[in-house]
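Okay, so here's the structure we're looking at.
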Amino acid sequence: MVCAALVALVSCEKQPVENPSNEGSEIVFNLSATHPGDTKAVKTGWEENDVIFVFIQGQTAPAYLEMKWDGSSWVNTSKGLSAIADGSVSMRAVYLPFGSGATVSADGSGNYVFSETYYTYYLTDQQSFAVSGGVVTGTFNMEIPENYVQFFIEDASAADGGYTLATDAVIPVGVASIAADGTLTETSDKVAGNDMVGYAYGSGAAKGYLFSGKINWTYPPISTVSGSGAFYFAKTKVSDNSRADYFVTGKEIESHDAIKLPANSSEYNGATSDGLNGKWVPVGSDVTVKLVKGTTDLGTWYTCNYGQSVPEAVGTCYNFNDANNLGVSLPTKEQLVTISENCSWTWVSIHGLSGVVAKADYGFLFLPLWDATGDPFLDTGDYWSATPNEGGGGMAYIIFLDVIEDGSVSHSVGLDAWGESYPVRLLHTPPTP
């Protein structure tokens, strides 16, 4: 009996054993990711607790793989993933620079969605990796999608959402959803000129706000590339809705640019002798700006049209008599001539509204075009003075502003009938003689 049992045991041990399928077994993920090598980006490498969300074909939302950087390597953690059979499997990796704490859910249509939409650039890659013996190994080559651009403004006290930034050259865009096959869909609810959210980034003196979005290649409409070289930025402090604007010429924007704008502390104040160095010009209904060309005072002007709180708002158009009976002092003919002859004039738009910028060496004015059609060649904007025609005839002086065919601005001071209706921009303090 003992011999028979031994023979039976040996016989069993010699039977061939079929290799088990990986179906139903737990997968070991050995995945890593490279950071884009483009040093123009504000953020140039992985930081501790950065998270990459990996969406795997064949899984059901909201299951995904979390890749977290611990400072030296990636820690791969399954978030509800089911078994994966040996073979090739497609994976979509998404990194949200300011969304490592986001959660993932299903949208009811089989898509993955994040708990919050981050209107900022992102990194992504989609690849197929081999699963063999319950192990998958590979490296994602993370890249910023084309046409994203970043702006950075230094502020040592920066906090997420503390400021917004708008320029008609950029459209705020974020990740909307990821489909089961890895197709990534971006948001489409914003347009050029909408506010970009400022996310706090950096530390110490290098801390500040990072804003980003996609280039609006039709800005301005007269251009076939990234712009005419003139860009107008509107920056709003969310806590009190105060705003400061910045205007720059001779620049271009290209895909993947990271542009450093003047720091929040660089605020222009032409009322003091040392206030002529700042770049951001505060604007508002009762806020003024001093224009200076060389050493010549061009006067201190209100930054908004009469009765308005933002520079791009046209406000009410008045006939000559009504404009001069508002109880305020309109600029004279001579004072309009002063800015016409001593400022550069550039057509731009902000928040989708057309206007021209009168720029001195220090300080600038945005004057909205009251007859703005959306076609820059047809936009006009004339403004009243307080000076009637010396010869009478029911005429008075205005400044004519017209965008001409090459995109430049025609500007001159001339006469028009009292009965015409134009907006009013007030001079606060006349130029110093």
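So you can find residues: chains in the structure tokens are A, B, ... in the order shown, residues in each start at 1, and ligands are numbered from 1 in order.
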
### Message
Would you pick out the contacts of range 356-370 of chain A at 6 Å or less, using only C-alpha atoms, so that residues sharing its chain but fewer than 5 positions from it are not included, and give the list as a PyMOL selection string?
### Response
chain A and resi 291-293+311-312+314+343-348+380-381

For the residues in the current selection, export N, CA, C and O atoms as a CSV table (one decimal), in the first residue's frame.
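Produced file selection-v2.csv, reproduced below:
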chain,number,residue,atom,x,y,z
A,291,LEU,N,0.1,111.2,-17.9
A,291,LEU,CA,0.8,110.9,-19.1
A,291,LEU,C,2.0,111.8,-19.2
A,291,LEU,O,1.9,113.0,-19.1
A,292,VAL,N,3.2,111.2,-19.5
A,292,VAL,CA,4.4,111.9,-19.5
A,292,VAL,C,5.2,111.5,-20.8
A,292,VAL,O,5.4,110.3,-21.0
A,293,LYS,N,5.6,112.4,-21.6
A,293,LYS,CA,6.5,112.1,-22.7
A,293,LYS,C,7.9,112.8,-22.5
A,293,LYS,O,7.9,114.1,-22.5
A,311,PRO,N,-12.1,100.7,-18.4
A,311,PRO,CA,-11.8,101.5,-19.6
A,311,PRO,C,-12.5,101.1,-20.9
A,311,PRO,O,-12.7,101.9,-21.7
A,312,GLU,N,-12.8,99.8,-21.0
A,312,GLU,CA,-13.4,99.4,-22.3
A,312,GLU,C,-14.9,99.7,-22.4
A,312,GLU,O,-15.5,99.5,-23.5
A,314,VAL,N,-17.9,102.0,-23.1
A,314,VAL,CA,-18.1,103.3,-23.8
A,314,VAL,C,-18.9,104.3,-23.0
A,314,VAL,O,-18.6,105.5,-22.8
A,343,CYS,N,1.5,111.1,-28.3
A,343,CYS,CA,1.3,109.6,-27.9
A,343,CYS,C,1.3,108.8,-29.1
A,343,CYS,O,1.0,109.2,-30.2
A,344,SER,N,1.7,107.5,-29.0
A,344,SER,CA,1.5,106.5,-30.0
A,344,SER,C,0.0,106.0,-29.9
A,344,SER,O,-0.5,106.0,-28.8
A,345,TRP,N,-0.5,105.6,-31.0
A,345,TRP,CA,-1.9,105.2,-31.0
A,345,TRP,C,-2.0,103.8,-31.6
A,345,TRP,O,-1.5,103.5,-32.8
A,346,THR,N,-2.6,102.8,-30.9
A,346,THR,CA,-2.6,101.4,-31.3
A,346,THR,C,-4.0,100.8,-31.1
A,346,THR,O,-4.6,101.0,-30.1
A,347,TRP,N,-4.5,100.1,-32.2
A,347,TRP,CA,-5.7,99.4,-32.1
A,347,TRP,C,-5.5,98.1,-31.3
A,347,TRP,O,-4.7,97.3,-31.7
A,348,VAL,N,-6.4,97.8,-30.3
A,348,VAL,CA,-6.4,96.5,-29.6
A,348,VAL,C,-7.8,96.3,-29.2
A,348,VAL,O,-8.7,97.1,-29.4
A,380,THR,N,-14.8,103.1,-35.2
A,380,THR,CA,-14.4,104.5,-35.0
A,380,THR,C,-14.7,104.9,-33.6
A,380,THR,O,-15.5,104.3,-32.9
A,381,GLY,N,-14.2,106.0,-33.2
A,381,GLY,CA,-14.4,106.5,-31.8
A,381,GLY,C,-14.0,107.9,-31.7
A,381,GLY,O,-12.8,108.2,-31.6

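Every protein or nucleic acid residue with an atom no more than 7 Å from His351 in chain A, counting only C-alpha atoms and leaving out same-chain residues fewer than 5 positions away, appears here: Asp168, Gly193 and Asn194 of chain A.
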
Output file for the residues above (all heavy atoms, as an mmCIF file, in the first residue's frame):
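Full text of again-v4.cif as output:
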data_model
loop_
_atom_site.group_PDB
_atom_site.id
_atom_site.type_symbol
_atom_site.label_atom_id
_atom_site.label_comp_id
_atom_site.auth_asym_id
_atom_site.auth_seq_id
_atom_site.Cartn_x
_atom_site.Cartn_y
_atom_site.Cartn_z
ATOM 1 N N ASP A 168 -7.095 89.527 -24.825
ATOM 2 C CA ASP A 168 -7.836 88.973 -25.951
ATOM 3 C C ASP A 168 -6.972 88.083 -26.829
ATOM 4 O O ASP A 168 -7.475 87.469 -27.784
ATOM 5 C CB ASP A 168 -8.452 90.098 -26.784
ATOM 6 C CG ASP A 168 -9.717 90.648 -26.151
ATOM 7 O OD1 ASP A 168 -9.872 90.489 -24.931
ATOM 8 O OD2 ASP A 168 -10.549 91.244 -26.866
ATOM 9 N N GLY A 193 -10.318 86.639 -24.214
ATOM 10 C CA GLY A 193 -10.584 87.801 -23.375
ATOM 11 C C GLY A 193 -11.243 87.478 -22.061
ATOM 12 O O GLY A 193 -11.315 88.338 -21.172
ATOM 13 N N ASN A 194 -11.762 86.240 -21.902
ATOM 14 C CA ASN A 194 -12.279 85.838 -20.589
ATOM 15 C C ASN A 194 -11.121 85.766 -19.593
ATOM 16 O O ASN A 194 -9.966 85.550 -19.970
ATOM 17 C CB ASN A 194 -12.962 84.480 -20.667
ATOM 18 C CG ASN A 194 -14.358 84.534 -21.268
ATOM 19 O OD1 ASN A 194 -14.968 83.511 -21.508
ATOM 20 N ND2 ASN A 194 -14.877 85.722 -21.553
#

Contacts of Val51 in chain A at 8 Å (only C-alpha atoms; same-chain gap of 5+ positions) as a compact mmCIF listing (two decimals) with all heavy atoms, in the first residue's frame:
# COMPACT_ATOMS: atom_id res chain seq x y z
N GLU A 66 -3.31 55.92 -9.97
CA GLU A 66 -2.65 57.14 -9.47
C GLU A 66 -1.14 56.94 -9.47
O GLU A 66 -0.63 55.98 -8.91
CB GLU A 66 -3.12 57.47 -8.06
CG GLU A 66 -2.42 58.68 -7.46
CD GLU A 66 -2.66 58.81 -5.96
OE1 GLU A 66 -1.92 58.18 -5.18
OE2 GLU A 66 -3.60 59.54 -5.60
N MET A 67 -0.42 57.86 -10.11
CA MET A 67 1.04 57.88 -10.04
C MET A 67 1.43 59.12 -9.23
O MET A 67 1.14 60.24 -9.64
CB MET A 67 1.66 57.96 -11.43
CG MET A 67 1.43 56.75 -12.30
SD MET A 67 2.02 56.99 -14.01
CE MET A 67 3.76 57.39 -13.72
N LYS A 68 2.03 58.91 -8.06
CA LYS A 68 2.41 60.04 -7.20
C LYS A 68 3.93 60.08 -7.06
O LYS A 68 4.56 59.08 -6.75
CB LYS A 68 1.73 59.95 -5.83
CG LYS A 68 2.11 61.09 -4.89
CD LYS A 68 1.38 61.01 -3.56
CE LYS A 68 -0.06 61.43 -3.70
NZ LYS A 68 -0.71 61.59 -2.36
N TRP A 69 4.49 61.28 -7.25
CA TRP A 69 5.93 61.49 -7.11
C TRP A 69 6.25 61.73 -5.64
O TRP A 69 5.73 62.67 -5.03
CB TRP A 69 6.36 62.68 -7.96
CG TRP A 69 7.84 62.95 -7.97
CD1 TRP A 69 8.48 64.00 -7.38
CD2 TRP A 69 8.86 62.16 -8.60
NE1 TRP A 69 9.82 63.93 -7.60
CE2 TRP A 69 10.10 62.81 -8.34
CE3 TRP A 69 8.86 60.99 -9.33
CZ2 TRP A 69 11.31 62.32 -8.81
CZ3 TRP A 69 10.07 60.50 -9.79
CH2 TRP A 69 11.26 61.15 -9.54
N TYR A 95 -1.66 65.08 -16.29
CA TYR A 95 -1.12 65.77 -15.11
C TYR A 95 -1.70 67.17 -15.06
O TYR A 95 -1.59 67.95 -16.02
CB TYR A 95 0.41 65.84 -15.18
CG TYR A 95 1.02 66.77 -14.15
CD1 TYR A 95 0.95 66.50 -12.80
CD2 TYR A 95 1.66 67.94 -14.55
CE1 TYR A 95 1.49 67.36 -11.86
CE2 TYR A 95 2.21 68.82 -13.63
CZ TYR A 95 2.13 68.52 -12.28
OH TYR A 95 2.67 69.39 -11.35
N LEU A 96 -2.32 67.51 -13.94
CA LEU A 96 -2.87 68.84 -13.70
C LEU A 96 -1.93 69.56 -12.74
O LEU A 96 -1.83 69.17 -11.57
CB LEU A 96 -4.27 68.74 -13.08
CG LEU A 96 -5.29 67.89 -13.86
CD1 LEU A 96 -6.57 67.75 -13.06
CD2 LEU A 96 -5.56 68.49 -15.23
N SER A 100 -3.47 68.15 -8.21
CA SER A 100 -3.08 66.85 -7.67
C SER A 100 -4.05 66.33 -6.62
O SER A 100 -4.12 65.13 -6.36
CB SER A 100 -1.66 66.93 -7.09
OG SER A 100 -0.71 67.08 -8.13
N GLY A 101 -4.82 67.22 -6.02
CA GLY A 101 -5.79 66.81 -5.01
C GLY A 101 -7.16 66.53 -5.59
O GLY A 101 -8.11 66.25 -4.83

### Message
I'd like the neighbourhood of range 406-422 of chain A as a ChimeraX atom specification, where a residue qualifies if any of its atoms comes within 9 Å (using only C-alpha atoms), though same-chain residues fewer than 5 positions away should be ignored.
### Response
/A:222-223,228,316-321,323,333-334,336-337,340-341,345-347,356,370,376-377,381-384,388-389,393-401
